[in-house]
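Have a look at the structure below before the remarks.
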Amino acid sequence: MPAERSADAVVRLLGLVSYLAGRGPVPISQLAQRFNVSGAQIRADIDQLWVTGTPGYWPHDLLDFDGYSIERGMVHLTEARGLTQPLRLATREAVALIAALRALAGLPALQADPARREVAASALAKLEAVAGTVEARLDVTIAAPETAERLEILTVITAALNKGHRLRLRYSSAADRVSQREVDPGALVTERGVTYLRAWCSQARARRTFRLDRILAAEVLDEPSDPIWVAEARKVGPPPGEGDTTDVTLVLGPQWRWFAETLTVGEVSAEFADGSFALRLPVSDEAWWQGTLLWLAPGVSALEPPAAARAATVEARAALAAYGLDEEE
C-alpha cells in the first residue's frame, strides 16, 4: 500500500471537521466509509485533531471532542474553533498570499505536477480577483525556469511520488561519481533555491538526499514503495549529501551557541561549566563538512573522531600554500 501524502491527510482532516460540525455523534464506521479509510485511521485522525487548534494552544484553543462518545465508537465534535467558518481576508493578507502563490508556482516541484499546478493557478486567480488592482503592483521575481530535461526528470519523480512507486535513478555525486540507485521516494523539497529528493536508498540502506541537478535520469518502477521506508525518508536528514553518514562530535565555545540553534540536524550532547558544549553532527557530505569545520575552527577545542579533521587539515594547508603562507603565519 503506497504511503499517504501529507496533502491528502490534511484534506481529510479538514473534511472531518467540516462533516462533523453541526452534527451529533457519528459512528466511526460511517466516517471510515465516507472517507474511504479504516476505522483505525479515523481514530488516529481524531487523536491528531484533538491536539490541533489556534495559536496559544492552551486547552481552550484546541478542537474538542466528546471523550465518552469515542469510547462508544462514535465521534462527536464539540468545539470547531472556527474552522468551519468562511475565510475572510484583509487586503494585506490577500496580497501576501498572492505573492506566496506566485513564488510557489515557480518552484520546480510544482511545475512538474500538473494537478497541483492547476490547483495553485485556480487559487491564485481567485485571490487576484478579490485583491483587485492591488495585486497589479506586486512584482515577484522567480529564479530562471528549469530546463526541459530537468522538468522531464521532475515529472518522472512526481509521478513516482503520486503513484507510491519506487524510482531508479542515475546519479552523479559531488565528486562526479556516477551510480545507479533504486530508491523509495519520500518528498521533493526546495532549500535555498536548490531542489532535493528525499528518499530511502536500497543500496545504502539508509535515507539519502539527492540534488535534482545531479540526477541524470529517472525511471518509475513497477514495484510499490515500502511505506515504512517512505516515512523514514521524509524525516529531516543530515545536510544534503549522498555518501555514508558519519557522526562527529565537536566541542564549541559558548559564543557558537547560535550555530547549534540554527541547525535542523544534530544535537547538543553535553554541557560544560564554562558554557562550552559538545555538538554531535551526522555528516554525509565531505565537502560540506570540510568547509564547515574550517569555518568553525577558531571555536573548536576538541573533535571526535580525530579522522574527521584530517581532510579539512589537508585542505587548509593547501589553501595556505596557494597564498604562499605556512602554518605559523
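Residues are referred to by chain and number: the chain letter is A, B, ... according to the order shown in the C-alpha cells, the number counts from 1 in that chain, and ligands are numbered separately from 1 in the order shown.
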(request) May I have the residues within 7 Å of Thr158 (chain A) as an MDAnalysis selection string, using only C-alpha atoms and disregarding those fewer than 3 positions away in the same chain? (result) chainID A and resid 112:113 154:155 161:162
(message) Show me, as number ranges by chain, the residues that have an atom within 10 Å of Ala308 (chain A) when counting only C-alpha atoms, minus same-chain residues fewer than 2 positions from it.
(response) A: 246-250, 283, 286, 289-290, 293, 303-306, 310-313
(message) One decimal, in Å: what's the spacing between CA of Leu104 (chain A) and CA of Leu127 (chain A)?
(response)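 Separation between CA of Leu104 (chain A) and CA of Leu127 (chain A): 14.3 Å.
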Sorted by chain and rising residue number, which residues of region 22-59 of chain A lie within 12 Å of region 69-73 of chain A, and what are their closest atom pairs and distances in Å to one decimal, counting only C-alpha atoms, as CSV?
residue,atom,partner,partner_atom,distance
A:Gly24,CA,A:Ser69,CA,10.0
A:Pro25,CA,A:Ser69,CA,6.9
A:Val26,CA,A:Gly73,CA,8.6
A:Pro27,CA,A:Gly73,CA,6.0
A:Ile28,CA,A:Gly73,CA,5.8
A:Ser29,CA,A:Gly73,CA,8.1
A:Gln30,CA,A:Gly73,CA,10.3
A:Leu31,CA,A:Gly73,CA,10.8
A:Ala32,CA,A:Gly73,CA,11.6
A:Gly39,CA,A:Gly73,CA,9.4
A:Ala40,CA,A:Gly73,CA,11.0
A:Ile42,CA,A:Gly73,CA,10.7
A:Arg43,CA,A:Ile70,CA,8.5
A:Ala44,CA,A:Ile70,CA,11.7
A:Ile46,CA,A:Ile70,CA,9.3
A:Asp47,CA,A:Ile70,CA,10.4
A:Trp50,CA,A:Ile70,CA,11.8
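Closest approach to Ser173 (chain A) among A:Leu212, A:Leu281, A:Ala206, A:Leu110: A:Leu212, based on only C-alpha atoms.
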(request) Point out the residue among A:Asp222, A:Glu79, A:Glu182, A:Asp8 with the least atom-to-atom distance to Trp200 (chain A), counting only C-alpha atoms. (result)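 That would be A:Glu182, the residue with the smallest distance to Trp200 (chain A).
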(message) Ranking A:Arg81, A:Ser269, A:Pro254, A:Gln33 by minimum distance to Pro55 (chain A) and counting only C-alpha atoms, which one comes first?
(response) A:Arg81
